[in-house]
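See below for the structure under consideration.
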Number of protein chains: 2
Amino acid sequence: MDAKPSASSRRELTKSQNREIILEAARLVFAQLGFATATVRDIIRATPLASGTFYNYFKSKEQVYQALRDEEALAVRPRLRQARATATTAQEFVAANFRAFFWFVAEKGGTGGDRFRLDSPEVLAGFAELREDIERAMARGLLPPNDAGLLTAALTGVAFELAEEVKRGAEVEKVTQFATDLLLGGIGVPPKT
Amino acid sequence: MDAKPSASSRRELTKSQNREIILEAARLVFAQLGFATATVRDIIRATPLASGTFYNYFKSKEQVYQALRDEEALAVRPRLRQARATATTAQEFVAANFRAFFWFVAEKGGTGGDRFRLDSPEVLAGFAELREDIERAMARGLLPPNDAGLLTAALTGVAFELAEEVKRGAEVEKVTQFATDLLLGGIGVPPKT
DNA sequence: GCTTAAATTGACGCAGCGTCATGGGCCGCT
DNA sequence: AGCGGCCCATGACGCTGCGTCAATTTAAGC
């Protein structure tokens with residue numbers, strides 16, 4: 001009945017199942033206790049598995065956390081990329097990027113309440129993509145030329161910080177407007193309709 | 001003859017000395033091992049004191065870290081405040097604020113390489129001050145009216161993210177220029193002299 | 001069915017945590 | 001100076017979580 005051949009053999013199947021069980025338990029435990037308080041034991045206790053098994057899949061709770069973050073990054077990156085790719089004006093480029101990000105944050109709330117910047121592979125790749133897209137947009141005249149590195153940093157700074165406001169309940173569209181106007185015209189320019 | 005009643009008696013003296021000894025050891029240990037790896041034991045081992053003594057002064061390594069952060073925040077806040085207070089134009093307001101912050105970061109490098117946002121009292125107070133100053137500046141027409149909450153968030157986002165670039169060796173003045181131009185005129189406006 | 005490789009299990013030694021009874025030294029008072 | 005009381009430093013103690021590993025179960029191939 002199982003038409004999905006990705007992990008057909010019995011062994012491979014339970015293996016990826018176990019991995020998923022652990023990740024799911026970790027999601028739950030982190031949400032409940034917070035990353036700092038949670039222990040590896042808490043995670044496996046929320047699981048039918050034994051303590052030793054955990055270490056067959058992850059080296060530490062940090063690594064599980066990274067894996068969860070990577071899943072998120074992997075989910076949001078295509079959306080951001082596409083949003084930027086389809087833009088034909090600077091306005092669209094910036095607005096679409098912010099909107100996609102804030103929308104994702106609003107619906108998922110981020111993996112945890114704990115607030116630290118993770119330099120996990122997928123996240124870094126996301127930054128790299130953003131920078132590439134910015135450079136490409138500058139090259140084809142969509143964005144005015146500027147220091148791409150600094151602009152990337154500034155953009156992510158604004159995005160992550162305003163994301164907190166979104167998590168606190170701010171309206172996605174309003175924050176998107178604000179961020180876009182700020183990036184495009186600075187504080188001195190009245191918002192465009 | 002003792003005009004300063006704060007630590008006159010012998011007892012009070014060694015008490016504040018011990019506190020300082022612990023903080024100093026913590027600075028060292030955090031710098032060496034990083035916050036995540038360091039343990040309370042590592043800190044007291046770098047000290048002539050006994051393990052129990054630590055807990056007379058701090059509840060956990062998190063609290064020592066907070067104390068260190070608070071020291072930094074307490075050091076930088078007046079500089080920022082003054083920078084903003086003496087500004088007579090929007091340009092000055094923003095530039096002075098960024099410059100003071102980046103300069104501080106460049107000279108101190110932050111307490112640790114670990115990168116998480118601390119909601120410690122002094123840090124939060126710093127954000128509150130920034131917001132107050134922004135609102136005041138808007139009220140007296142120095143800055144155009146805007147959502148102060150979002151603007152504060154965006155400003156801190158840009159500041160903290162660009163601070164990383166400064167730590168990585170970017171020139172303070174260049175980054176300050178960039179941040180100021182971005183905040184004032186957005187990406188479309190050529191830099192003012 | 002039988003062998004072999006792979007993966008699970010939980011007990012084990014170890015390290016760090018936070019506490020607490022003990023003891024020493026500082027303070028104020030006589 | 002001598003004395004009693006009171007902080008506070010001390011480090012041993014019990015406890016919890018960590019990561020490992022030999023024993024055992026389970027799937028795969030023959």
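How things are named: the first chain in the structure tokens is A, the next is B, and so on; residues count from 1 in each chain; ligands count from 1 in the order shown.
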
Exercise for the section: Select all residues from chain D having any atom no more than 10 Å from an atom of chain B (counting only C-alpha atoms (C1' of nucleotides), ignoring ligands), output as a list in words. Expected result: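 The answer, sorted by residue number, is DC7, DC8, DA9, DT10 and DG11 of chain D.
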
Practice task
State the Cα RMSD (Å, one decimal) obtained when chain B is least-squares superposed onto chain A, all Cα atoms paired in order.
Solution key: 1.2 Å

Would you list which chain C residues are within 12 Å of chain B using only C-alpha atoms (C1' of nucleotides), as a compact mmCIF listing (two decimals) with N, CA and C atoms (P, O5', C5', C4', C3', O3' and C1' of nucleotides), in the first residue's frame?
```txt
# COMPACT_ATOMS: atom_id res chain seq x y z
P DA C 15 34.98 13.28 35.57
O5' DA C 15 34.01 14.52 35.35
C5' DA C 15 33.33 14.67 34.09
C4' DA C 15 32.28 15.75 34.22
C3' DA C 15 32.70 16.90 35.14
O3' DA C 15 32.24 18.10 34.58
C1' DA C 15 30.74 15.89 35.97
P DG C 16 32.78 19.47 35.12
O5' DG C 16 31.45 20.25 35.51
C5' DG C 16 30.37 20.30 34.59
C4' DG C 16 29.09 20.58 35.34
C3' DG C 16 29.17 21.75 36.32
O3' DG C 16 28.09 22.62 36.05
C1' DG C 16 28.29 19.80 37.38
P DC C 17 27.81 23.90 36.89
O5' DC C 17 26.54 23.46 37.73
C5' DC C 17 25.41 22.91 37.08
C4' DC C 17 24.37 22.55 38.11
C3' DC C 17 24.14 23.64 39.15
O3' DC C 17 22.80 24.08 39.10
C1' DC C 17 24.51 21.51 40.19
P DG C 18 22.48 25.54 39.57
O5' DG C 18 22.10 25.31 41.09
C5' DG C 18 20.99 24.47 41.35
C4' DG C 18 20.93 24.14 42.82
C3' DG C 18 21.01 25.34 43.76
O3' DG C 18 20.01 25.16 44.74
C1' DG C 18 22.66 23.76 44.34
P DT C 19 19.88 26.06 46.04
O5' DT C 19 20.17 25.05 47.25
C5' DT C 19 19.88 23.67 47.08
C4' DT C 19 20.19 22.91 48.36
C3' DT C 19 20.06 23.72 49.65
O3' DT C 19 19.60 22.85 50.67
C1' DT C 19 22.30 23.00 49.42
P DC C 20 18.92 23.46 51.97
O5' DC C 20 19.75 22.78 53.15
C5' DC C 20 20.53 21.61 52.88
C4' DC C 20 21.65 21.50 53.91
C3' DC C 20 21.47 22.37 55.16
O3' DC C 20 21.97 21.67 56.27
C1' DC C 20 23.48 22.95 54.12
P DG C 25 40.04 32.54 60.84
O5' DG C 25 39.44 34.02 60.70
C5' DG C 25 38.87 34.42 59.46
C4' DG C 25 37.89 35.57 59.72
C3' DG C 25 38.46 36.73 60.53
O3' DG C 25 37.95 37.92 59.99
C1' DG C 25 36.50 35.99 61.51
P DC C 26 38.83 39.19 59.80
O5' DC C 26 37.76 40.36 59.90
C5' DC C 26 36.62 40.33 59.03
C4' DC C 26 35.41 40.88 59.75
C3' DC C 26 35.63 42.22 60.46
O3' DC C 26 34.67 43.13 59.98
C1' DC C 26 34.53 40.68 61.91
P DC C 27 34.79 44.68 60.40
O5' DC C 27 33.59 44.83 61.44
C5' DC C 27 32.31 44.29 61.14
C4' DC C 27 31.40 44.42 62.36
C3' DC C 27 31.58 45.73 63.12
O3' DC C 27 30.34 46.40 63.23
C1' DC C 27 31.69 43.85 64.60
```

Residues of chain B that have any atom at most 9 Å from an atom of chain A: could you tabulate them with the shortest-distance atom pair and the distance in Å to one decimal, using only C-alpha atoms, ordered by chain and increasing number, as a Markdown table?
```
| residue | atom | partner | partner_atom | distance |
| --- | --- | --- | --- | --- |
| B:Asp114 | CA | A:Phe116 | CA | 8.6 |
| B:Arg115 | CA | A:Arg117 | CA | 5.8 |
| B:Phe116 | CA | A:Phe116 | CA | 3.9 |
| B:Arg117 | CA | A:Arg115 | CA | 5.8 |
| B:Leu118 | CA | A:Arg115 | CA | 8.0 |
| B:Leu143 | CA | A:Gly188 | CA | 7.8 |
| B:Pro144 | CA | A:Gly188 | CA | 6.2 |
| B:Pro145 | CA | A:Ile187 | CA | 8.7 |
| B:Asn146 | CA | A:Ile187 | CA | 7.9 |
| B:Asp147 | CA | A:Phe178 | CA | 8.4 |
| B:Gly149 | CA | A:Glu165 | CA | 8.7 |
| B:Leu150 | CA | A:Leu162 | CA | 6.9 |
| B:Leu151 | CA | A:Phe178 | CA | 8.5 |
| B:Ala153 | CA | A:Glu161 | CA | 5.7 |
| B:Ala154 | CA | A:Val158 | CA | 4.8 |
| B:Leu155 | CA | A:Val158 | CA | 7.4 |
| B:Thr156 | CA | A:Glu161 | CA | 7.5 |
| B:Gly157 | CA | A:Gly157 | CA | 4.2 |
| B:Val158 | CA | A:Ala154 | CA | 4.8 |
| B:Ala159 | CA | A:Gly157 | CA | 7.7 |
| B:Phe160 | CA | A:Gly157 | CA | 7.1 |
| B:Glu161 | CA | A:Gly157 | CA | 5.1 |
| B:Leu162 | CA | A:Ala153 | CA | 6.0 |
| B:Glu164 | CA | A:Ala153 | CA | 8.6 |
| B:Glu165 | CA | A:Leu150 | CA | 7.6 |
| B:Val175 | CA | A:Leu150 | CA | 7.6 |
| B:Phe178 | CA | A:Leu150 | CA | 7.7 |
| B:Ala179 | CA | A:Ala154 | CA | 7.8 |
| B:Asp181 | CA | A:Gly186 | CA | 8.0 |
| B:Leu182 | CA | A:Gly186 | CA | 6.1 |
| B:Leu183 | CA | A:Gly186 | CA | 4.8 |
| B:Leu184 | CA | A:Gly186 | CA | 4.5 |
| B:Gly185 | CA | A:Gly186 | CA | 4.0 |
| B:Gly186 | CA | A:Gly186 | CA | 3.8 |
| B:Ile187 | CA | A:Leu184 | CA | 5.3 |
| B:Gly188 | CA | A:Leu184 | CA | 6.2 |
| B:Val189 | CA | A:Gly185 | CA | 7.5 |
```

Those same residues - N, CA and C atoms - I'd like them written as a compact mmCIF listing (two decimals), in the first residue's frame.
```txt
# COMPACT_ATOMS: atom_id res chain seq x y z
N ASP B 114 29.14 34.44 21.69
CA ASP B 114 27.81 33.88 21.62
C ASP B 114 26.82 35.00 21.36
N ARG B 115 25.82 34.62 20.61
CA ARG B 115 25.01 35.65 20.02
C ARG B 115 23.57 35.40 20.40
N PHE B 116 23.17 35.84 21.57
CA PHE B 116 21.76 35.80 21.85
C PHE B 116 21.29 37.06 22.52
N ARG B 117 20.07 37.36 22.26
CA ARG B 117 19.50 38.60 22.72
C ARG B 117 19.10 38.47 24.17
N LEU B 118 19.65 39.36 24.93
CA LEU B 118 19.41 39.30 26.35
C LEU B 118 18.38 40.34 26.72
N LEU B 143 12.40 64.61 14.20
CA LEU B 143 12.14 63.48 13.32
C LEU B 143 10.69 63.56 12.86
N PRO B 144 10.44 63.12 11.63
CA PRO B 144 9.06 63.11 11.16
C PRO B 144 8.26 62.07 11.96
N PRO B 145 6.99 62.33 12.18
CA PRO B 145 6.17 61.41 12.98
C PRO B 145 6.09 60.04 12.32
N ASN B 146 6.07 59.03 13.16
CA ASN B 146 6.06 57.65 12.66
C ASN B 146 5.71 56.73 13.81
N ASP B 147 5.57 55.47 13.52
CA ASP B 147 5.32 54.52 14.60
C ASP B 147 6.60 54.33 15.40
N GLY B 149 7.32 52.61 18.05
CA GLY B 149 7.66 51.23 18.42
C GLY B 149 8.36 50.51 17.29
N LEU B 150 7.79 50.57 16.11
CA LEU B 150 8.39 49.90 14.96
C LEU B 150 9.73 50.53 14.60
N LEU B 151 9.78 51.84 14.70
CA LEU B 151 11.03 52.51 14.35
C LEU B 151 12.15 52.12 15.32
N ALA B 153 12.36 49.33 16.97
CA ALA B 153 12.73 47.95 16.64
C ALA B 153 13.64 47.92 15.42
N ALA B 154 13.25 48.64 14.38
CA ALA B 154 14.03 48.63 13.15
C ALA B 154 15.43 49.18 13.40
N LEU B 155 15.49 50.25 14.17
CA LEU B 155 16.78 50.87 14.46
C LEU B 155 17.69 49.91 15.22
N THR B 156 17.15 49.26 16.23
CA THR B 156 17.98 48.33 16.99
C THR B 156 18.37 47.13 16.13
N GLY B 157 17.45 46.70 15.29
CA GLY B 157 17.78 45.59 14.40
C GLY B 157 18.96 45.93 13.52
N VAL B 158 18.89 47.07 12.89
CA VAL B 158 19.99 47.51 12.03
C VAL B 158 21.27 47.64 12.85
N ALA B 159 21.15 48.24 14.01
CA ALA B 159 22.33 48.50 14.84
C ALA B 159 23.01 47.19 15.25
N PHE B 160 22.23 46.25 15.76
CA PHE B 160 22.84 45.01 16.25
C PHE B 160 23.41 44.18 15.11
N GLU B 161 22.71 44.17 14.00
CA GLU B 161 23.18 43.36 12.88
C GLU B 161 24.44 43.97 12.28
N LEU B 162 24.45 45.27 12.11
CA LEU B 162 25.64 45.91 11.56
C LEU B 162 26.79 45.86 12.56
N GLU B 164 27.67 43.37 14.10
CA GLU B 164 28.41 42.14 13.77
C GLU B 164 29.45 42.41 12.70
N GLU B 165 29.05 43.24 11.73
CA GLU B 165 30.01 43.60 10.68
C GLU B 165 31.18 44.35 11.28
N VAL B 175 30.41 52.12 8.29
CA VAL B 175 29.15 51.48 8.67
C VAL B 175 28.17 52.53 9.20
N PHE B 178 26.71 54.33 6.30
CA PHE B 178 25.74 53.48 5.63
C PHE B 178 24.42 53.43 6.38
N ALA B 179 24.51 53.15 7.67
CA ALA B 179 23.30 53.02 8.49
C ALA B 179 22.52 54.33 8.52
N ASP B 181 22.55 56.85 6.31
CA ASP B 181 21.96 57.12 5.00
C ASP B 181 20.72 56.24 4.79
N LEU B 182 20.87 54.98 5.18
CA LEU B 182 19.76 54.06 5.00
C LEU B 182 18.54 54.52 5.79
N LEU B 183 18.78 54.83 7.05
CA LEU B 183 17.66 55.23 7.91
C LEU B 183 17.01 56.53 7.44
N LEU B 184 17.84 57.45 6.99
CA LEU B 184 17.30 58.76 6.63
C LEU B 184 16.66 58.75 5.25
N GLY B 185 17.34 58.18 4.30
CA GLY B 185 16.85 58.32 2.93
C GLY B 185 16.51 57.02 2.23
N GLY B 186 16.66 55.90 2.92
CA GLY B 186 16.39 54.64 2.26
C GLY B 186 17.49 54.31 1.28
N ILE B 187 17.25 53.28 0.49
CA ILE B 187 18.30 52.83 -0.42
C ILE B 187 18.38 53.66 -1.69
N GLY B 188 17.33 54.45 -1.99
CA GLY B 188 17.31 55.13 -3.27
C GLY B 188 18.04 56.46 -3.29
N VAL B 189 18.39 56.96 -2.13
CA VAL B 189 18.93 58.31 -2.05
C VAL B 189 20.46 58.27 -1.97
```

Practice task
Per DSSP on the backbone, filter range 20-164 of chain A down to the residues in alpha helix (DSSP H) and report them as number ranges by chain.
Solution key: A: 20-33, 40-45, 51-57, 61-85, 90-108, 121-139, 148-164

Practice task
Would you list the contacts of Ala85 in chain B as a ChimeraX atom specification, taking every protein, DNA or RNA residue within 10 Å and counting only C-alpha atoms (C1' of nucleotides), but skipping same-chain residues closer than 6 positions in sequence?
Solution key: /B:79,92-93,96-97,133,136-137
